[in-house]
file input.txt (compact mmCIF, C-alpha atoms and all ligand atoms)
# COMPACT_ATOMS: atom_id res chain seq x y z
CA MET L 1 74.25 100.34 84.01
CA SER L 2 75.26 103.46 85.96
CA ALA L 3 78.76 104.91 85.89
CA PRO L 4 81.25 103.46 88.44
CA ILE L 5 82.08 105.03 91.79
CA ALA L 6 85.53 106.63 92.16
CA ILE L 7 87.39 106.03 95.41
CA ILE L 8 90.43 108.21 96.11
CA GLY L 9 92.79 106.50 98.57
CA THR L 10 93.59 102.80 99.00
CA GLY L 11 94.21 102.94 102.74
CA LEU L 12 91.94 100.87 104.95
CA ALA L 13 89.06 103.38 104.80
CA GLY L 14 88.97 103.46 100.99
CA LEU L 15 89.24 99.69 100.73
CA SER L 16 86.61 99.12 103.40
CA ALA L 17 84.19 101.26 101.35
CA ALA L 18 85.29 99.58 98.11
CA GLN L 19 84.62 96.11 99.45
CA ALA L 20 81.18 97.03 100.79
CA LEU L 21 80.15 98.58 97.47
CA HIS L 22 81.60 95.75 95.40
CA THR L 23 79.72 93.23 97.56
CA ALA L 24 76.53 95.22 96.92
CA GLY L 25 77.12 94.76 93.18
CA LEU L 26 78.38 98.26 92.34
CA ALA L 27 81.41 98.99 90.16
CA VAL L 28 84.27 100.90 91.81
CA GLN L 29 87.48 102.45 90.47
CA LEU L 30 90.28 103.20 92.95
CA PHE L 31 93.08 105.77 92.79
CA ASP L 32 96.18 106.23 94.94
CA LYS L 33 99.16 108.54 94.65
CA SER L 34 101.44 105.83 96.09
CA ARG L 35 102.85 102.84 94.27
CA GLY L 36 100.83 100.41 96.37
CA SER L 37 97.91 100.18 98.76
CA GLY L 38 97.89 100.53 102.53
CA GLY L 39 98.49 104.23 103.20
CA ARG L 40 99.44 104.49 106.86
CA MET L 41 99.22 100.68 107.10
CA ALA L 42 101.78 100.24 104.33
CA SER L 43 105.00 98.33 104.91
CA LYS L 44 108.32 99.49 103.55
CA ARG L 45 110.68 97.01 101.94
CA SER L 46 114.22 97.40 103.24
CA ASP L 47 117.48 95.47 103.53
CA ALA L 48 116.11 94.22 106.87
CA GLY L 49 112.91 92.83 105.27
CA SER L 50 109.48 94.46 105.30
CA LEU L 51 108.96 97.02 108.02
CA ASP L 52 105.70 98.33 109.47
CA LEU L 53 106.68 101.98 109.81
CA GLY L 54 103.12 103.24 110.29
CA ALA L 55 100.39 101.39 112.19
CA GLN L 56 102.03 98.95 114.59
CA TYR L 57 99.08 96.81 115.63
CA PHE L 58 95.39 97.32 116.06
CA THR L 59 92.65 96.55 118.52
CA ALA L 60 89.03 95.65 117.74
CA ARG L 61 86.33 96.92 120.07
CA ASP L 62 83.37 97.38 117.73
CA ARG L 63 81.40 94.15 117.19
CA ARG L 64 81.29 94.52 113.38
CA PHE L 65 85.03 95.10 113.20
CA MET L 66 85.69 92.18 115.56
CA GLU L 67 83.75 89.88 113.25
CA THR L 68 85.65 91.15 110.23
CA VAL L 69 89.01 90.68 111.94
CA GLN L 70 88.03 87.10 112.74
CA GLN L 71 87.37 86.53 109.04
CA TRP L 72 90.75 88.07 108.21
CA GLN L 73 92.35 85.73 110.72
CA ALA L 74 90.64 82.68 109.17
CA ARG L 75 92.06 83.73 105.78
CA GLY L 76 95.56 84.16 107.23
CA TRP L 77 95.71 87.95 106.65
CA VAL L 78 96.18 88.78 110.34
CA ALA L 79 97.42 87.13 113.52
CA GLU L 80 97.48 88.01 117.18
CA TRP L 81 100.60 89.72 118.48
CA ASP L 82 101.15 89.22 122.18
CA PRO L 83 104.30 91.20 122.94
CA GLN L 84 106.14 91.50 126.25
CA LEU L 85 104.87 95.00 126.96
CA TYR L 86 106.67 97.60 128.98
CA ASN L 87 106.09 101.14 130.07
CA SER L 88 108.80 103.79 130.36
CA ARG L 89 108.17 106.80 132.57
CA GLU L 90 110.79 109.31 133.74
CA GLY L 91 113.41 107.00 132.26
CA ARG L 92 112.26 104.01 134.32
CA LEU L 93 111.35 100.87 132.41
CA SER L 94 108.77 98.52 133.95
CA PRO L 95 106.76 95.55 132.70
CA SER L 96 103.20 96.55 131.79
CA PRO L 97 101.32 93.40 130.79
CA ASP L 98 97.60 93.56 130.01
CA GLU L 99 94.75 91.48 128.59
CA GLN L 100 94.20 93.49 125.41
CA VAL L 101 94.11 91.47 122.18
CA ARG L 102 96.36 93.12 119.56
CA TRP L 103 96.38 92.24 115.87
CA VAL L 104 98.95 92.64 113.09
CA GLY L 105 98.87 91.88 109.36
CA THR L 106 100.86 88.81 108.38
CA PRO L 107 103.55 88.59 107.20
CA ARG L 108 103.40 92.40 107.14
CA MET L 109 100.82 95.09 107.89
CA SER L 110 100.21 95.81 104.21
CA ALA L 111 99.02 92.21 103.68
CA ILE L 112 95.53 93.27 104.81
CA THR L 113 94.87 96.03 102.29
CA ARG L 114 96.62 94.06 99.57
CA ALA L 115 94.25 91.15 100.10
CA MET L 116 91.23 93.48 100.33
CA LEU L 117 92.17 95.13 97.04
CA GLY L 118 92.25 91.74 95.30
CA ALA L 119 91.37 92.29 91.65
CA LEU L 120 89.48 95.58 92.08
CA PRO L 121 90.45 98.10 89.37
CA VAL L 122 93.03 100.62 90.63
CA HIS L 123 95.35 103.35 89.32
CA PHE L 124 98.52 103.62 91.43
CA SER L 125 101.04 106.50 91.24
CA CYS L 126 98.05 108.67 90.36
CA ARG L 127 97.66 111.77 92.52
CA ILE L 128 94.22 113.30 92.12
CA THR L 129 94.37 117.08 92.19
CA GLU L 130 90.81 118.04 91.35
CA VAL L 131 87.34 116.58 91.67
CA PHE L 132 84.60 118.35 89.74
CA ARG L 133 81.01 117.76 88.79
CA GLY L 134 79.43 118.20 85.38
CA GLU L 135 75.68 118.14 84.84
CA GLN L 136 75.27 114.58 86.02
CA HIS L 137 78.62 113.00 86.62
CA TRP L 138 81.91 113.50 88.42
CA THR L 139 85.30 113.80 86.75
CA LEU L 140 88.72 113.53 88.41
CA GLN L 141 91.86 115.26 87.23
CA ASP L 142 95.30 113.91 88.15
CA ALA L 143 98.65 115.64 88.64
CA GLU L 144 99.71 114.67 85.10
CA GLY L 145 96.73 116.57 83.72
CA GLN L 146 94.78 113.45 82.77
CA SER L 147 91.03 113.22 83.30
CA HIS L 148 89.24 110.18 84.69
CA GLY L 149 85.49 109.58 84.53
CA PRO L 150 82.59 109.81 84.28
CA PHE L 151 81.72 108.61 87.79
CA SER L 152 78.29 108.49 89.43
CA SER L 153 79.72 109.25 92.91
CA VAL L 154 83.09 109.97 94.50
CA ILE L 155 84.44 108.75 97.84
CA ILE L 156 87.43 110.66 99.16
CA ALA L 157 89.35 108.45 101.61
CA THR L 158 92.49 110.46 102.36
CA PRO L 159 93.78 112.27 105.48
CA ALA L 160 91.75 115.45 106.18
CA PRO L 161 94.24 118.02 104.79
CA GLN L 162 94.48 116.10 101.53
CA ALA L 163 90.68 115.73 101.41
CA THR L 164 90.15 119.49 101.86
CA ALA L 165 91.97 120.19 98.61
CA LEU L 166 89.64 117.82 96.73
CA LEU L 167 86.41 119.19 98.16
CA ALA L 168 86.21 122.51 96.30
CA ALA L 169 82.83 121.46 94.81
CA THR L 170 81.29 121.09 98.30
CA PRO L 171 82.43 124.01 100.50
CA LYS L 172 80.58 122.69 103.59
CA LEU L 173 82.49 119.40 103.57
CA ALA L 174 85.71 121.24 102.69
CA SER L 175 85.37 123.45 105.74
CA ALA L 176 84.68 120.47 108.07
CA ALA L 177 87.81 118.72 106.78
CA ALA L 178 89.86 121.94 106.92
CA ASN L 179 89.18 122.22 110.65
CA VAL L 180 90.73 118.82 111.40
CA VAL L 181 94.31 119.15 112.61
CA MET L 182 96.51 116.16 111.89
CA GLU L 183 99.74 115.66 113.81
CA PRO L 184 102.99 114.32 112.30
CA THR L 185 105.04 111.32 113.47
CA TRP L 186 108.69 110.64 112.77
CA ALA L 187 109.36 106.88 112.54
CA VAL L 188 112.79 105.26 112.67
CA ALA L 189 113.69 101.61 112.01
CA LEU L 190 116.92 100.17 113.39
CA SER L 191 118.46 96.75 112.70
CA PHE L 192 121.08 95.08 114.86
CA ALA L 193 123.20 92.17 113.62
CA THR L 194 123.24 90.74 117.17
CA ALA L 195 119.96 90.68 119.08
CA LEU L 196 119.73 93.27 121.88
CA ASP L 197 119.88 91.75 125.33
CA THR L 198 116.42 92.82 126.50
CA PRO L 199 113.04 91.10 126.96
CA VAL L 200 111.21 94.23 125.70
CA GLU L 201 109.01 93.64 122.63
CA GLY L 202 106.77 96.69 122.83
CA CYS L 203 106.94 99.80 125.02
CA PHE L 204 104.69 102.81 125.67
CA VAL L 205 107.02 105.71 126.42
CA GLN L 206 106.43 108.93 128.35
CA ASP L 207 108.77 111.84 129.15
CA SER L 208 110.95 111.21 126.08
CA PRO L 209 111.13 112.24 122.43
CA LEU L 210 109.74 108.73 121.81
CA ASP L 211 106.21 107.59 122.49
CA TRP L 212 106.33 103.97 121.28
CA LEU L 213 108.82 101.32 120.30
CA ALA L 214 108.38 97.79 119.01
CA ARG L 215 110.63 94.86 118.32
CA SER L 216 109.47 94.00 114.78
CA THR L 217 110.99 90.56 114.95
CA SER L 218 108.56 89.62 117.76
CA LYS L 219 105.55 90.00 115.44
CA PRO L 220 104.14 86.82 113.89
CA GLY L 221 105.43 85.91 110.44
CA ARG L 222 108.44 88.27 110.46
CA ASP L 223 112.06 87.21 109.89
CA ALA L 224 113.95 86.64 113.15
CA ASN L 225 117.17 88.17 111.82
CA PRO L 226 118.39 90.84 112.03
CA ASP L 227 116.90 92.14 115.29
CA THR L 228 114.80 95.05 113.98
CA TRP L 229 113.04 97.77 115.96
CA VAL L 230 110.60 100.51 115.02
CA LEU L 231 110.60 103.72 117.08
CA HIS L 232 107.91 106.40 116.93
CA ALA L 233 108.53 109.92 118.14
CA SER L 234 105.79 111.74 120.02
CA SER L 235 103.58 114.20 118.13
CA ALA L 236 105.17 117.12 120.01
CA TRP L 237 108.74 116.07 119.17
CA SER L 238 107.78 115.32 115.56
CA ARG L 239 106.14 118.74 115.17
CA GLN L 240 109.16 120.50 116.67
CA HIS L 241 111.55 118.56 114.39
CA LEU L 242 109.41 118.44 111.27
CA ASP L 243 112.17 119.64 108.93
CA LEU L 244 115.14 117.98 110.58
CA GLY L 245 117.21 115.85 108.17
CA LYS L 246 116.70 112.07 108.32
CA GLU L 247 120.25 111.41 109.57
CA ALA L 248 119.78 113.80 112.49
CA VAL L 249 116.37 112.28 113.31
CA ILE L 250 117.94 108.81 113.39
CA GLU L 251 120.76 110.04 115.62
CA GLN L 252 118.44 111.74 118.12
CA LEU L 253 115.87 108.93 118.33
CA LEU L 254 118.59 106.26 118.53
CA GLY L 255 120.04 108.26 121.44
CA ALA L 256 116.65 108.37 123.21
CA PHE L 257 116.21 104.61 122.59
CA ALA L 258 119.67 103.76 123.96
CA GLU L 259 118.95 105.87 127.04
CA MET L 260 115.71 104.09 127.92
CA ILE L 261 116.09 100.47 126.77
CA GLY L 262 118.36 99.44 129.64
CA CYS L 263 120.90 97.34 127.71
CA ALA L 264 123.95 97.96 125.53
CA VAL L 265 122.96 99.32 122.11
CA PRO L 266 125.67 98.88 119.45
CA ALA L 267 125.72 100.84 116.20
CA PRO L 268 122.81 99.60 114.06
CA SER L 269 123.65 97.68 110.87
CA ASN L 270 120.80 99.53 109.15
CA ALA L 271 118.76 102.59 109.99
CA LEU L 272 116.09 104.50 108.16
CA ALA L 273 113.68 107.31 108.95
CA HIS L 274 110.25 108.11 107.58
CA ARG L 275 108.17 111.21 108.23
CA TRP L 276 104.38 110.81 108.38
CA LEU L 277 103.11 114.33 107.88
CA TYR L 278 99.45 113.48 108.61
CA ALA L 279 99.85 110.62 111.08
CA ARG L 280 96.94 111.16 113.48
CA PRO L 281 94.10 113.58 114.12
CA ALA L 282 94.77 115.84 117.13
CA SER L 283 91.35 114.75 118.43
CA GLY L 284 88.72 112.17 117.50
CA HIS L 285 85.35 112.93 115.90
CA GLU L 286 82.04 111.12 115.76
CA TRP L 287 81.08 111.83 112.17
CA GLY L 288 81.40 108.30 110.88
CA ALA L 289 81.71 109.79 107.40
CA LEU L 290 80.92 113.14 105.76
CA ALA L 291 78.50 113.26 102.86
CA ASP L 292 76.64 115.40 100.39
CA ALA L 293 74.49 112.50 99.24
CA ASP L 294 72.35 114.53 96.84
CA HIS L 295 75.46 115.39 94.84
CA GLY L 296 77.07 111.97 95.34
CA ILE L 297 80.22 112.94 97.24
CA TYR L 298 81.38 111.16 100.41
CA VAL L 299 84.42 111.52 102.64
CA CYS L 300 85.83 108.90 105.01
CA GLY L 301 89.00 108.15 106.92
CA ASP L 302 90.25 107.43 110.42
CA TRP L 303 89.90 111.14 111.29
CA CYS L 304 86.08 110.89 110.93
CA LEU L 305 86.17 108.59 113.99
CA SER L 306 88.87 107.43 116.38
CA GLY L 307 92.10 108.03 114.42
CA ARG L 308 92.89 104.32 114.59
CA VAL L 309 92.82 101.35 112.23
CA GLU L 310 89.40 100.35 113.54
CA GLY L 311 88.11 103.90 112.96
CA ALA L 312 89.35 103.86 109.36
CA TRP L 313 87.54 100.58 108.63
CA LEU L 314 84.31 101.72 110.29
CA SER L 315 84.41 105.06 108.49
CA GLY L 316 84.73 103.33 105.10
CA GLN L 317 81.75 101.13 105.98
CA GLU L 318 79.73 104.19 106.94
CA ALA L 319 80.49 106.03 103.68
CA ALA L 320 79.39 102.95 101.71
CA ARG L 321 76.27 102.53 103.85
CA ARG L 322 75.21 106.12 103.26
CA LEU L 323 75.82 105.85 99.53
CA LEU L 324 73.79 102.63 99.28
CA GLU L 325 71.01 104.09 101.41
CA HIS L 326 70.76 107.13 99.14
CA ARG L 327 70.53 104.92 96.05
CA ARG L 328 67.61 103.03 97.57
CA GLU L 329 65.64 106.23 98.33
P1 LIG F 401 95.44 106.35 104.98
O1 LIG F 401 95.97 105.06 105.40
O2 LIG F 401 96.27 107.58 105.19
O3 LIG F 401 95.07 106.23 103.42
C1 LIG F 401 94.90 107.36 102.58
C2 LIG F 401 95.41 107.02 101.18
O4 LIG F 401 95.09 108.11 100.32
C3 LIG F 401 96.93 106.85 101.12
O5 LIG F 401 97.25 105.61 100.53
C4 LIG F 401 97.40 108.03 100.25
O6 LIG F 401 98.51 107.70 99.43
C5 LIG F 401 96.15 108.32 99.43
N1 LIG F 401 96.05 109.71 98.95
C6 LIG F 401 96.14 110.85 99.68
N2 LIG F 401 95.94 111.93 98.88
C7 LIG F 401 95.71 111.45 97.63
C8 LIG F 401 95.45 112.07 96.37
N3 LIG F 401 95.36 113.40 96.24
N4 LIG F 401 95.29 111.27 95.28
C9 LIG F 401 95.38 109.92 95.38
N5 LIG F 401 95.63 109.28 96.55
C10 LIG F 401 95.78 110.04 97.66
N6 LIG F 401 96.43 102.91 114.29
C11 LIG F 401 96.19 101.90 115.15
O7 LIG F 401 95.03 101.47 115.28
N7 LIG F 401 97.21 101.34 115.88
C12 LIG F 401 98.49 101.78 115.78
O8 LIG F 401 99.40 101.24 116.40
C13 LIG F 401 98.76 102.87 114.91
N8 LIG F 401 100.01 103.37 114.83
C14 LIG F 401 100.27 104.33 113.90
C15 LIG F 401 101.57 104.81 113.78
C16 LIG F 401 101.88 105.75 112.81
C17 LIG F 401 103.28 106.26 112.69
C18 LIG F 401 100.87 106.22 111.93
C19 LIG F 401 101.20 107.20 110.85
C20 LIG F 401 99.56 105.78 112.08
C21 LIG F 401 99.25 104.85 113.07
N9 LIG F 401 97.95 104.39 113.27
C22 LIG F 401 97.69 103.40 114.15
C23 LIG F 401 96.82 104.99 112.55
C24 LIG F 401 96.39 104.12 111.35
O9 LIG F 401 97.51 103.83 110.56
C25 LIG F 401 95.35 104.90 110.58
O10 LIG F 401 94.26 105.18 111.43
C26 LIG F 401 94.80 104.18 109.34
O11 LIG F 401 95.76 103.44 108.67
C27 LIG F 401 94.20 105.27 108.44
O12 LIG F 401 93.62 104.70 107.29
P2 LIG F 401 92.90 105.65 106.22
O13 LIG F 401 92.44 104.78 105.11
O14 LIG F 401 91.91 106.52 106.91
O15 LIG F 401 94.04 106.65 105.70
P1 LIG F 402 95.92 100.19 122.99
O1 LIG F 402 94.73 99.89 123.81
O2 LIG F 402 97.04 99.20 122.99
O3 LIG F 402 96.57 101.58 123.43
C1 LIG F 402 95.90 102.77 123.78
C2 LIG F 402 96.76 103.59 124.72
O4 LIG F 402 96.62 103.04 126.03
C3 LIG F 402 98.26 103.55 124.44
O5 LIG F 402 98.69 104.61 123.61
C4 LIG F 402 98.87 103.65 125.83
O6 LIG F 402 98.96 105.02 126.18
C5 LIG F 402 97.85 103.00 126.72
N1 LIG F 402 98.17 101.58 127.01
C6 LIG F 402 97.55 100.49 126.49
N2 LIG F 402 98.07 99.37 127.00
C7 LIG F 402 99.04 99.73 127.84
C8 LIG F 402 99.95 99.01 128.65
N3 LIG F 402 99.95 97.67 128.69
N4 LIG F 402 100.82 99.71 129.41
C9 LIG F 402 100.83 101.05 129.38
N5 LIG F 402 100.00 101.79 128.62
C10 LIG F 402 99.12 101.15 127.86
O7 LIG F 402 95.52 100.39 121.45
P2 LIG F 402 94.47 101.32 120.72
O8 LIG F 402 93.49 101.94 121.63
O9 LIG F 402 93.98 100.56 119.58
O10 LIG F 402 95.39 102.51 120.23
C11 LIG F 402 96.23 102.38 119.13
C12 LIG F 402 97.62 102.80 119.37
O11 LIG F 402 98.07 103.39 118.15
C13 LIG F 402 97.83 103.84 120.44
O12 LIG F 402 98.98 103.48 121.14
C14 LIG F 402 98.10 105.11 119.67
O13 LIG F 402 98.96 105.99 120.36
C15 LIG F 402 98.78 104.57 118.44
N6 LIG F 402 98.65 105.48 117.30
C16 LIG F 402 99.79 106.11 116.92
C17 LIG F 402 99.78 107.01 115.88
C18 LIG F 402 101.03 107.72 115.51
O14 LIG F 402 101.01 108.52 114.61
N7 LIG F 402 102.13 107.47 116.18
C19 LIG F 402 98.54 107.29 115.13
C20 LIG F 402 97.39 106.56 115.61
C21 LIG F 402 97.47 105.67 116.65
call {"tool": "encode", "arguments": {"input": "input.txt", "output": "structure tokens"}}
result
Amino acid sequence: MSAPIAIIGTGLAGLSAAQALHTAGLAVQLFDKSRGSGGRMASKRSDAGSLDLGAQYFTARDRRFMETVQQWQARGWVAEWDPQLYNSREGRLSPSPDEQVRWVGTPRMSAITRAMLGALPVHFSCRITEVFRGEQHWTLQDAEGQSHGPFSSVIIATPAPQATALLAATPKLASAAANVVMEPTWAVALSFATALDTPVEGCFVQDSPLDWLARSTSKPGRDANPDTWVLHASSAWSRQHLDLGKEAVIEQLLGAFAEMIGCAVPAPSNALAHRWLYARPASGHEWGALADADHGIYVCGDWCLSGRVEGAWLSGQEAARRLLEHRRE
């Protein structure tokens, strides 16, 4: 039996690849620096329940992803979210309904990757710092100085800047990843003991420090109390305020929210801020995945495609497909 395949990153891309390889009968071993799976689809536990601070919802346009999402729905991992959508431009709020189907994990975004992980072997709180190849096999080194291996192949499923650091053995792939710029996003969650007097449940925002806000409590499977909102700052604002303290970020984004939401906004009963340093690629790519198949190293992630949940899943599938194809040759 050949050595297992190492997968670095348990976001959707890494788990998409892991599932495809596991289904094909190959052994995988996953690693993540965080305490749990999900990456940018993770949900943070707070006094106001679980909060989706990263991905808010997702759409499915590719046929293969649509079929997969339907299976997730049948298993109860996801449900449709049909919010009262608004648009805010130049400070003016207006209803902006559409026909787009939007999905969320239930009862929280992280439910999807958690279910996908199932019983697959994983090391959490394990930050990989080096990936190197011996004569035949790959070995990983973690931040504690421990080695993991041998592995027949490695799939790196992290944001591009974190992938670059792990690609020293394949300079061509390292330079492709190094050229991908990823923009930050400041996220703020606010809870109100009394529900805000507004019909807004989701809003695309222009001309403001904010670019999106969602009423978490309107998503299926979430607690109705307290009334909790997630605000996302625009990439430009987040970049300009990258090192601002969390309290100041909360104050400024709460101010922008109060200005645009069109109803009285009392002091929140709870507020927290989270900075996503590598939230989204500045532009999309059409790579699917990057690979040096002869040496057995593959790279996937949302940034190899559309920078969305769907792109992450498709990219993981593509990395697995290329690995399986190479094994058959
Ligand atoms: P990630 O989810 O980033 O997973 C990478 C994993 O690798 C992480 O778990 C990380 O801990 C781990 N890792 C990194 N480096 C190492 C290392 N050295 N060693 C071990 N582990 C490591 N998409 C949508 O479709 N709709 C949305 O509404 C939406 N909103 C978003 C809002 C925000 C604020 C953010 C941040 C993202 C949003 N996205 C949205 C994008 C979506 O979340 C991503 O496209 C998708 O989750 C990316 O998945 P991934 O597996 O490629 O990467
Ligand atoms: P989508 O089709 O709902 O949205 C795509 C874009 O179309 C929106 O950003 C918005 O500008 C516009 N739009 C869609 N419906 C609208 C409506 N009813 N009224 C006004 N404008 C509307 O979803 P898709 O294509 O799956 O995109 C995912 C979403 O995730 C996007 O909104 C994107 O900005 C967001 N995202 C945020 C990240 C972050 O770091 N903040 C990272 C990655 C994605």
call {"tool": "residues_near_ligand", "arguments": {"input": "input.txt", "ligand": "ligand LIG 401 (chain F)", "cutoff": "7 Å", "atoms": "all atoms listed in the file", "output": "NGL selection string"}}
result
:L and (8-14 or 31-34 or 37-41 or 53-59 or 126-129 or 157-159 or 162-163 or 185-187 or 232 or 276 or 278-280 or 300-303 or 307-312)
call {"tool": "closest_residue", "arguments": {"input": "input.txt", "among": "L:Leu85, L:Ala115, L:Val122, L:Val188", "to": "ligand LIG 402 (chain F)", "atoms": "all atoms listed in the file"}}
result
L:Leu85
call {"tool": "closest_residue", "arguments": {"input": "input.txt", "among": "L:Asp292, L:Glu135, L:Glu80, L:Glu90", "to": "Thr170 of chain L", "atoms": "all atoms listed in the file"}}
result
L:Asp292
call {"tool": "closest_residue", "arguments": {"input": "input.txt", "among": "L:Ser216, L:Gln71, L:Asn87, L:Gln141", "to": "ligand LIG 402 (chain F)", "atoms": "all atoms listed in the file"}}
result
L:Asn87
call {"tool": "closest_residue", "arguments": {"input": "input.txt", "among": "L:Thr217, L:Gln100, L:Ser269, L:Ser125", "to": "ligand LIG 402 (chain F)", "atoms": "all atoms listed in the file"}}
result
L:Gln100
call {"tool": "closest_residue", "arguments": {"input": "input.txt", "among": "L:Trp72, L:Trp229, L:Trp138, L:Trp237", "to": "ligand LIG 402 (chain F)", "atoms": "all atoms listed in the file"}}
result
L:Trp237
call {"tool": "residues_around", "arguments": {"input": "input.txt", "residues": "His295 of chain L", "least_positions_apart": "6", "cutoff": "9 Å", "atoms": "all atoms listed in the file", "output": "list in words"}}
result
Arg133, Gln136, Ser153 and Thr170 of chain L
call {"tool": "atom_distance", "arguments": {"input": "input.txt", "atom1": "atom CA of Ala319 of chain L", "atom2": "atom CA of Trp103 of chain L"}}
result
24.3 Å
call {"tool": "closest_residue", "arguments": {"input": "input.txt", "among": "L:Phe132, L:Trp77, L:Phe65, L:Trp287", "to": "Leu166 of chain L", "atoms": "only C-alpha atoms"}}
result
L:Phe132
call {"tool": "atom_distance", "arguments": {"input": "input.txt", "atom1": "atom O9 of ligand LIG 402 (chain F)", "atom2": "atom CA of Val230 of chain L"}}
result
17.2 Å
call {"tool": "atom_distance", "arguments": {"input": "input.txt", "atom1": "atom CA of His148 of chain L", "atom2": "atom CA of Ile297 of chain L"}}
result
15.7 Å
call {"tool": "decode", "arguments": {"input": "input.txt", "residues": "segment 241-246 of chain L", "atoms": "all heavy atoms", "output": "tab-separated table (two decimals), in the first residue's frame"}}
result
chain	number	residue	atom	x	y	z
L	241	HIS	N	-7.28	50.24	7.23
L	241	HIS	CA	-7.39	50.17	8.70
L	241	HIS	C	-6.91	48.82	9.23
L	241	HIS	O	-7.40	48.35	10.27
L	241	HIS	CB	-8.84	50.43	9.12
L	241	HIS	CG	-9.31	51.80	8.72
L	241	HIS	ND1	-9.82	52.07	7.49
L	241	HIS	CD2	-9.30	52.97	9.39
L	241	HIS	CE1	-10.13	53.35	7.40
L	241	HIS	NE2	-9.83	53.93	8.55
L	242	LEU	N	-5.93	48.26	8.52
L	242	LEU	CA	-5.48	46.90	8.83
L	242	LEU	C	-5.04	46.75	10.28
L	242	LEU	O	-5.32	45.75	10.93
L	242	LEU	CB	-4.31	46.55	7.88
L	242	LEU	CG	-4.04	45.09	7.63
L	242	LEU	CD1	-5.25	44.39	7.06
L	242	LEU	CD2	-2.86	44.95	6.66
L	243	ASP	N	-4.34	47.78	10.81
L	243	ASP	CA	-3.77	47.64	12.16
L	243	ASP	C	-4.55	48.42	13.22
L	243	ASP	O	-4.03	48.63	14.32
L	243	ASP	CB	-2.29	48.05	12.12
L	243	ASP	CG	-1.50	47.10	11.25
L	243	ASP	OD1	-1.75	45.88	11.34
L	243	ASP	OD2	-0.69	47.57	10.42
L	244	LEU	N	-5.74	48.84	12.86
L	244	LEU	CA	-6.56	49.54	13.87
L	244	LEU	C	-6.97	48.53	14.95
L	244	LEU	O	-7.21	47.36	14.66
L	244	LEU	CB	-7.81	50.07	13.15
L	244	LEU	CG	-8.60	51.19	13.83
L	244	LEU	CD1	-7.74	52.43	14.03
L	244	LEU	CD2	-9.83	51.56	12.98
L	245	GLY	N	-7.07	49.01	16.20
L	245	GLY	CA	-7.48	48.11	17.29
L	245	GLY	C	-8.93	47.66	17.11
L	245	GLY	O	-9.73	48.35	16.45
L	246	LYS	N	-9.28	46.51	17.69
L	246	LYS	CA	-10.62	45.96	17.49
L	246	LYS	C	-11.71	46.90	18.01
L	246	LYS	O	-12.76	47.04	17.38
L	246	LYS	CB	-10.73	44.59	18.17
L	246	LYS	CG	-9.95	43.52	17.44
L	246	LYS	CD	-10.20	42.14	18.01
L	246	LYS	CE	-9.47	41.12	17.12
L	246	LYS	NZ	-9.61	39.75	17.60
